[in-house]
Every structure is written in C-alpha cells, then in structure tokens.
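**Q** Sending over a structure as structure tokens; questions will come in a sec.
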Amino acid sequence: MTATSKKTTCPYCGVGCGVNVTIPHSVDDIVPPVSGDLEHPANFGRLCVKGSSLAQTLRSDDRLLTPMVAGQAVSWNEAVETVADKIAQVVKDHGPDAFAFYLSGQILTEDYYVANKLAKGFIGTANVDTNSRLCMASAVVGYKRAFGSDTVPCNYEDLERCDLLIMVGSNAAWTHPILYQRIAAAKKQRPEMKIVVIDPRETATCDIADMHLAIKPGSDAAVFSYLLQCSAQAGILDEGFIANHTNGFDEAFAQAKSSTPTLSSAAAFCGVSEQDLNRLVGWWNDTPKTVTFYSQGVNQSSSGVDKCNAIINCHLATGRIGVEGAGPFSITGQPNAMGGREVGGLANQLAAHMDFATPGAQELVQRFWQAPNMATENGLKAVDLFQAMEEGKVKVVWIMSTNPMVSLPDTAQVRRALEKCELVIVSDCKAHTDTTAMADVLFPATGWSEKDGTVTNSERRISRQRGLLPAPGEAKHDWWAICEVAKSLGFQSAFSYRNVHEIFNEHAALSAFENNGRRDFDIGHFSQMTKEEYDALVPVQWPVPKGRPEGTKRMFEDGRFFTSDGRARFVAISPSLPQHQASPAWPFTLNTGRVRDQWHTMTRTGDAASLAKHTAQPYVEIHPKDAKRLGIEDKSLVRLVSPLGQVLLKAKLSRAVAPDNVFAPIHWTQQFANASVVSNLIPQVVDPLSGQPESKHAQVRLEAVADISYGLVISAVPLTLSDCLYWCQVPSEQGYHYEVVWPKGQTQATLKAMDLKLPDQSHDVAEWLEYSNPVTQQIRLAKVVNQRLSLLVYAHPQPESIMADWLISQLAINTTLSMQDRLAILVGTPANIEEKGEIICSCFQVGSKQIEKAIASGVCSVDELGGKLKCGTNCGSCLPELKRFIPLNTELAV
C-alpha cells in the first residue's frame, strides 16, 4: 500500500505558496518533509524555510484536545450551551453590541463567513474584527478611497515584469521570502531593472536594491507627494487617463505642491540626501513600468491611509495601473487576510466586499441571508473593541486563532480588558498561549494540517487548504463550532451546513447576488459547484464571474473603477510624522518587525526546533555609537522602557539602524520568554480612518542591566525559572534549553532552588559534576542521575555563545557517560566536534564558523559556498547574509 499525496496551501505569509504533503498510513507514522507544489502559480515549487519545516509542527505536546469551561474539561454540548446562554443573556440585557468576535487571518474563508453571518445578520452586531486590522486595514481604506472598492490591481508577475520596483516599508526578504526570490531572479535576469528600498532600516531586502532610501521613520508620504508634483514638472502625466478615468487631480496636485514644494524641503522632511531623492525622481520619470510594493512599514501608522493614497495618486496620475508591470501593490501579512476581507471580516464591512456605507448593501445582504437582526452600522475596530471591553460595554468576546495578548498594542490594557470581560471564549489549537491563559471557555480547534477550506493570497488568488490528518482528541473546525452556537441560539435553519463546501457555495452565490458587474468581488462561477469540484479546485484569481472560469489576472485594464461614476479618485494628502516623537525622557525611536524564521507569536513555528537556531532569543538592534555611549555590549541584557511598560531584550549591535533608532522583533511571548513581549511598549495610537495601530513606532529609553550573571540551563524536564531576572526557552529536539540571566550572586541559590523543583529522585543515584574558575568567575555544574545527564547549568559574568546543540543531545544518550563525556560536558563540547557558530542557513543548518572556514580555504563566492556547504541552495532566504561573509574585493557570483 503506497502513501497518498495531497496539495494544500502554506499557513504562513500572504504569498500563499502551494504545498505537497505525503499522507502517512496512520497517525503514528512520521509525516515526511513537505515540498513545494510545482504547479502552484504563487511559488512554482519553492518554499521558504518556514514552509519547508511544516512537518516539524504537526506533532505538538501542547494541543488543546477537549473543551474547557472554568478550567475544567467538559463535553462540546456543555461548552456550547454555556456560550450560547451567556450570549443570549447579554444581548437581552445589554443589546447585541455587548457581544464581539475577534478573528484572525489564520482562519479559513468559510470560518470567517459563518462568524460574520452570525454576528451581523442574526445576533445583530457589527462587532466583528480581526488581527488583520493590525496589518492591512490602512491599505483597504486607501484602495476604497481611490477605487471605490478594496481591489488589489496587480499580480505577482507584475513584480517580475516591471522596470522599476519601489519597495516601501517591506522587508520581503524575510517576511515574504518566496516572492522576494522571484524578484531577485528577475533582477538577475534583467540587471537593468531598478529596485529601490524605502525603509528607515537597512534590511536583508536591501541586498538586491540599486538604492536604499533610509528615510526618517514615518515620513513615507512625503516621498510620493514629491513624486506627484515632479511628474507634472517632467511632463509624464497621463492627461488622457486623468481626464477620462479620474476625479480630484487638481486638488491632490495642489496639496502636493504645497506640502513638498522643493527638493530640499522634501528631502529634509524625509531625512535623506537631496541627491538620493533626486535620483529616485529621475528613475520614476523615466520608467513607465513601475510597481510600488508596500507593506507594514506603510500601513502600521497613524497616517497609514494617507500614505497609501499618496502612493496610489502617483500611479493614477501617470496611468501606471491596469497594465502589465505597473501598479500600487499592497502585500498582506497573513495567509488569509484577503479572504477575511472578502467575506466581511472587518467591523466596517458587510460581506462580499460590501460595507455599511454602500447604498442598498445592508438591505441586499439581509435579503440574501434572510437575516432577522441585521446590524445597521459599523462595529468596533480592534483597539476600540478592547477599550470597550475594559469599559464594560462589551461583555462577551469570542477570540479565534489569534493571540491579542501579544499582538495588540499596550499589553497591559489588553489584559485589563480581558479581565473585565464577563466571558472570554478562545478557539485555538494550542492549550497554552498568553491569550488562552485569559479564557473562561476554551474550544479545541483544528490546526493547519486538519482544516479544510479556502484561503486567498495577496494577488487575489483563491486556493484550497485541504485537510491532511484526522483531528486529534475532540478538536473541531471553527465553522462547526460557530454553527453549533448559532443553532443553540435558535438559528438552526441558517446554519445547518453539512460541510465546508456548502458554505463556500453560499459565499460565492452572495458575491454574485444582484451584482451584474457593479461590485469587484464576484465568484459566481462557483455558486453551484459540486463537492467533487470544490475538492478539486485549482488556484484562481478573482473575480471569477459566471462564464469566466479562468478568473482575472489584472484589474482595471479597462479604466473602469467601482465608484458611483466609474472614475478613480485622487485624494489630497498632507504628509505627517508619527504622533509620538523623541524627547529627552524618551530619546530612542523603536521600530518593530519580524525575523526570518519565525511567524507571528511562534504558536506554530515554536514547535520547530530548527527554526530557532537562526535567531534563538529576542533582541534589540542598536547602533554601535549609541551602545558605546550607554555602556551596552553586544549580546548583553538591555531594558527598554516606554511610558507604558518595559521589556528585557538581548543587545544586537548593528549599523543597520540609524543612531537614536532601535529595532525589536515581535514574536516572543510569555510562553517563550518572561519579559520580552514588545507590545508592552507600544501605545494605542491608530489611524483615524482605518483604526490600524501605529505598531511600528514608539518612543523608548534604553538601560544597560548591571550586576547580573548570564547562564545556560539544559534540563531533561521543564523548569520554573521564577528566580531568574530573564529567561528565554529555546525550542530544542530533546529536553529543555533555557538562556537565563540571574541577579549577580544568586547563581548558587538559584541552582539549589532549581534542583528542588525536579521530580523526586530519592531512589536514583545522583552525582554532581562541577567546574569553577575564580579568575573568569565561570561556574559549570552538571547533575548526572543513574549515569545519565539530567541537568546542566553554566554561569558566567559576560554574555557568551555556547554550542548548545551538542549539550542538548547528551540528554538523549542512553549509555553510561564516560569520563571523557563528563569532561566534554563541563568544557561545553568534545574535541572532535566542529563548532558551527551561529546558524545562517536554516535549511541545511550551516553556521557562521563553517562559512568562515570555507572562505579561508579559498571559496570566494556565494555560488561556491552553496556548492561546498549547500547553504543558500534551497529557499534562498539566507543569501543576503551569505553575501556579507564574502570579502569586498572578491567578485561575487549570486
């Protein structure tokens, strides 16, 4: 009997890569590594290291397997009745707006659809928002203001076929690596293609850039305001397109001239040289085939919508839209942020890209759903929702597949809100997250390998995510749980779906209902599809109206938009800087973002030990000049303090950030580190139109943490490290690996306390191995139980990099430890093991010392490194880092 293979979609970023997975014969079989789907048009068989490591995340010892109420396991019936009874009670006593959903771009379109239908059509509240509010809400509003609809005009091929690619606020090399590799390949094939990166920080994406415009944080809009008025001066305005297909150009142009009248004024506002800005202007003027590719650096801003419209204005003015290789292209962060937008997963939307501001839309959706309690106005956006919770206005919240205790700004406020809320329901596949700890009711949800439905990627491409494995325990699909609650509330007939295919058909039918080309989102071709056709669905870009099964590659090719008069709208923009600026008390500007090999709050990637080896601990990137002035050493512990809170992070000295600026990644939660949740520092400042938080900007001060000892702890069992000032658990294949910091002088006391918390070993033969150096003040202790390593503690006064992989592997050794093994454990490594250094290539686990040794032996290019060590030859995510190892006077081969 041979194993079967299924096609599905990667659950990470918005690129939407196709994945092939070989299904084992039984759930006890090991799932083989996944591979890219050669036929999927998003990735053509390539996967980044996160996608390639998906098999490592399928076996978790922390799955939520049964419904829980008040900490006790209960049946699904009891849990559903508890939730439905409370929703009914608060709606009766306080109105429908006392209930809210907080959803996620991680759930499938069908899950989103039934949640939106239940809340807006049957409970009667529009309090349905999503963590996608945090990543692309400003882009949505920008598109709607300009086009009359939330329509992404471009596709991925445009990124390869443009002659000028302007990447704004996007570190695609790390956040959308497969798309970045497509761009890099196009650049290699056509070296004349120009790439500009606009970002305050020098990121890995700058590796392929012809120019890095290192702007002042938050000043993006001024670049495009200046480009707009320069377009007129250069005579490159598309006068025919402006006259026949747009409104409002004169007002937008006048505002651009007023806001950025000269090269010197625009350059000064952005903090860049006049020479660099003028060079960008020259390339813009000379290059009709231009794509502007923008992401969180634009959207996560108090003026994010205006920034988006400043970009769109430039493309409308020059007619660079609706044609191959040109257009404004917002890239989404999550795998189904776009699908959520399609079905109304935002508080200001209805369904099928309709919203409350669209005349007649509310009545149309109500008739289609036959909804008895249709919501009539916008609901609460994410930050407002949690503020209303704290105020006692929202009394029941259902959180699904997201971790707002880590991702929303101002963690302390989010905690207060959830503590105040009368009933917090959390649907998740994991038992322990920062948010499940706040729940009154837990619903065990299916995860990526079990869920079945559709997702939509950043180029409007709908793909199937197919169930691969049976659901463990009592885990259920999110749509099923929502429908069960809906039935218990008395809405049986409207939520009696037998399978996910029926939900998709209804979603498709609503998209076509009384549409006739008036609305952008139309997948009416699928409204009557059979289950067999649904199961066999191949990736396709919407709209897919009846009669056009091939879908739509590019939007606005006919110059017709979805406004009332069919014309696009220019929007007059006045550039503004972030709300909070540096002061003597808060002298550093904090920028936030992601690392290469982790995803969101590590709920899934934290299960893959190989993904932790590139970046094992949370850190703050600091310019060396600032570090020297503050007495901060590389890898030392630093305290970041804002007016809202503080965190502890390891210092990473780097010239990639400008002086007086710092950068910190967002991933670490209290499940992985005790004091490193970066959202503790972020104020709840939002764009007034989109409600998207300014999550990439905060003002902080930095403090070197003194009188401490650094340590490494490896244990066969999990430990409680409350005596440590700082701890970070690093995922590992065996046992438990912790990086720790103790207050100076507490090392021995902490060790004794740690030993007392270990399981009872009274019948075991235990001995201690010990090494101490009074000169270096190093202490190394190992506890050996029944001749096997049980606990290891290294303590030292300075931060050190220790080869932990080999030490961790000793926990799994079943044979008696020899004297040589014992000495090697105290030394940290056996003499015959090559130390890899810091992992650079996660795909093949190639480290910095291996790379340096290869270069010393005569390797002189990235291609030769790949030939010798294999690094950089799989997903390509490490290529920018590999290039930095090559001597500058060596001719590179990429």
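Residues are named by chain letter and number: chains run A, B, ... in the order of the structure tokens, numbers start at 1 in each chain, and ligands are numbered from 1 in the order shown.
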Determine, counting only C-alpha atoms, which protein, DNA and RNA residues have an atom within 6 Å of an atom of Leu237 (chain A); residues of the same chain fewer than 4 positions away are not included. Present the result as a PyMOL selection string.

**A** chain A and resi 231-232+317-318

**Q** Just the residues within 7 Å of Leu807 (chain A), please, counting only C-alpha atoms, with nothing from its chain fewer than 3 positions along; format it as a list in words.

**A**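 Near Leu807 (chain A), the qualifying residues are Ala804, Gln810, Ile825 and Gly828 of chain A.
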
**Q** How many Å lie between CA of Thr563 (chain A) and CA of Leu159 (chain A), rounded to one decimal?

**A** 26.7 Å

**Q** Got a sec to tell me which of region 576-726 of chain A DSSP assigns to helix (DSSP H, G or I), as number ranges by chain?

**A** A: 605-607, 609-612, 624-630, 678-681

**Q** What are the nearest atom pairs, with distances in Å to one decimal, for all residues of region 326-395 of chain A that come at most 9 Å from region 116-139 of chain A, using only C-alpha atoms, set out by chain and rising residue number as a tab-separated table?

**A**
residue	atom	partner	partner_atom	distance
A:Ser330	CA	A:Ala139	CA	6.5
A:Ile331	CA	A:Met136	CA	8.2
A:Thr332	CA	A:Met136	CA	6.2
A:Gly333	CA	A:Cys135	CA	6.4
A:Gln334	CA	A:Ser132	CA	7.5
A:Asn336	CA	A:Ser132	CA	8.9
A:Ala337	CA	A:Ser132	CA	5.8
A:Met338	CA	A:Ser132	CA	8.9
A:Gly340	CA	A:Ser132	CA	8.1
A:Arg341	CA	A:Ser132	CA	8.8
A:Val343	CA	A:Asn116	CA	7.4
A:Gly344	CA	A:Asn116	CA	6.4
A:Gly345	CA	A:Asp129	CA	6.0
A:Leu346	CA	A:Asp129	CA	4.6
A:Ala347	CA	A:Val128	CA	5.0
A:Asn348	CA	A:Ala126	CA	7.4
A:Gln349	CA	A:Ala126	CA	8.1
A:Leu350	CA	A:Lys120	CA	7.5
A:Ala351	CA	A:Asn116	CA	7.7
A:Val365	CA	A:Gly121	CA	8.3
A:Gln366	CA	A:Gly121	CA	6.7
A:Trp369	CA	A:Gly121	CA	7.2
A:Gln370	CA	A:Gly121	CA	8.2
A:Ala371	CA	A:Gly121	CA	4.9
A:Pro372	CA	A:Phe122	CA	5.8
A:Asn373	CA	A:Gly124	CA	4.7
A:Met374	CA	A:Gly121	CA	4.3
A:Ala375	CA	A:Gly124	CA	4.5
A:Thr376	CA	A:Ala126	CA	7.9
A:Glu377	CA	A:Ala126	CA	6.9
A:Asn378	CA	A:Ala126	CA	5.8
A:Gly379	CA	A:Ala126	CA	4.2
A:Leu380	CA	A:Asn127	CA	5.3
A:Lys381	CA	A:Asp129	CA	5.9
A:Ala382	CA	A:Asp129	CA	5.9
A:Leu385	CA	A:Asn127	CA	7.6

**Q** Smallest atom-to-atom distance to Ser676 (chain A): which of A:Ala439, A:Val406, A:Leu263, A:Met529, using only C-alpha atoms?

**A**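 For Ser676 (chain A), the nearest of the candidates is A:Val406.
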
**Q** What does the structure give for the distance between CA of Val394 (chain A) and CA of Gln362 (chain A), in Å to one decimal?

**A**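 Interatomic distance here is 23.3 Å.
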
**Q** Which residues of region 628-677 of chain A have any atom within 12 Å of an atom in region 425-435 of chain A when counting only C-alpha atoms, and what is the closest pair of atoms for each, with the distance in Å to one decimal? Order the rows by chain and rising number and write it as JSON lines.

**A**
{"residue": "A:Trp668", "atom": "CA", "partner": "A:Asp434", "partner_atom": "CA", "distance": 10.5}
{"residue": "A:Thr669", "atom": "CA", "partner": "A:Asp434", "partner_atom": "CA", "distance": 6.9}
{"residue": "A:Gln670", "atom": "CA", "partner": "A:Asp434", "partner_atom": "CA", "distance": 6.3}
{"residue": "A:Gln671", "atom": "CA", "partner": "A:Thr433", "partner_atom": "CA", "distance": 6.5}
{"residue": "A:Phe672", "atom": "CA", "partner": "A:Thr433", "partner_atom": "CA", "distance": 9.8}
{"residue": "A:Ala673", "atom": "CA", "partner": "A:Asp434", "partner_atom": "CA", "distance": 11.2}
{"residue": "A:Asn674", "atom": "CA", "partner": "A:Asp434", "partner_atom": "CA", "distance": 11.1}
{"residue": "A:Val677", "atom": "CA", "partner": "A:Asp434", "partner_atom": "CA", "distance": 10.1}

**Q** Quick one: pick out all strand (DSSP E) residues within region 484-716 of chain A from a backbone DSSP run and write them as an MDAnalysis selection string.

**A** chainID A and resid 540:541 568:569 588:593 619:622 637:641 646:653 661:665 698:704 708:715

**Q** For a test of reading the model, state the distance in Å between CA of Cys728 (chain A) and CA of Asn814 (chain A), rounded to one decimal.

**A** 27.3 Å

**Q** Using only C-alpha atoms, can you tell me which of A:Val281, A:Ala209, A:Leu644, A:Ala42 comes closest to Arg182 (chain A)?

**A**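 So, comparing all the options, the nearest one is A:Ala42.
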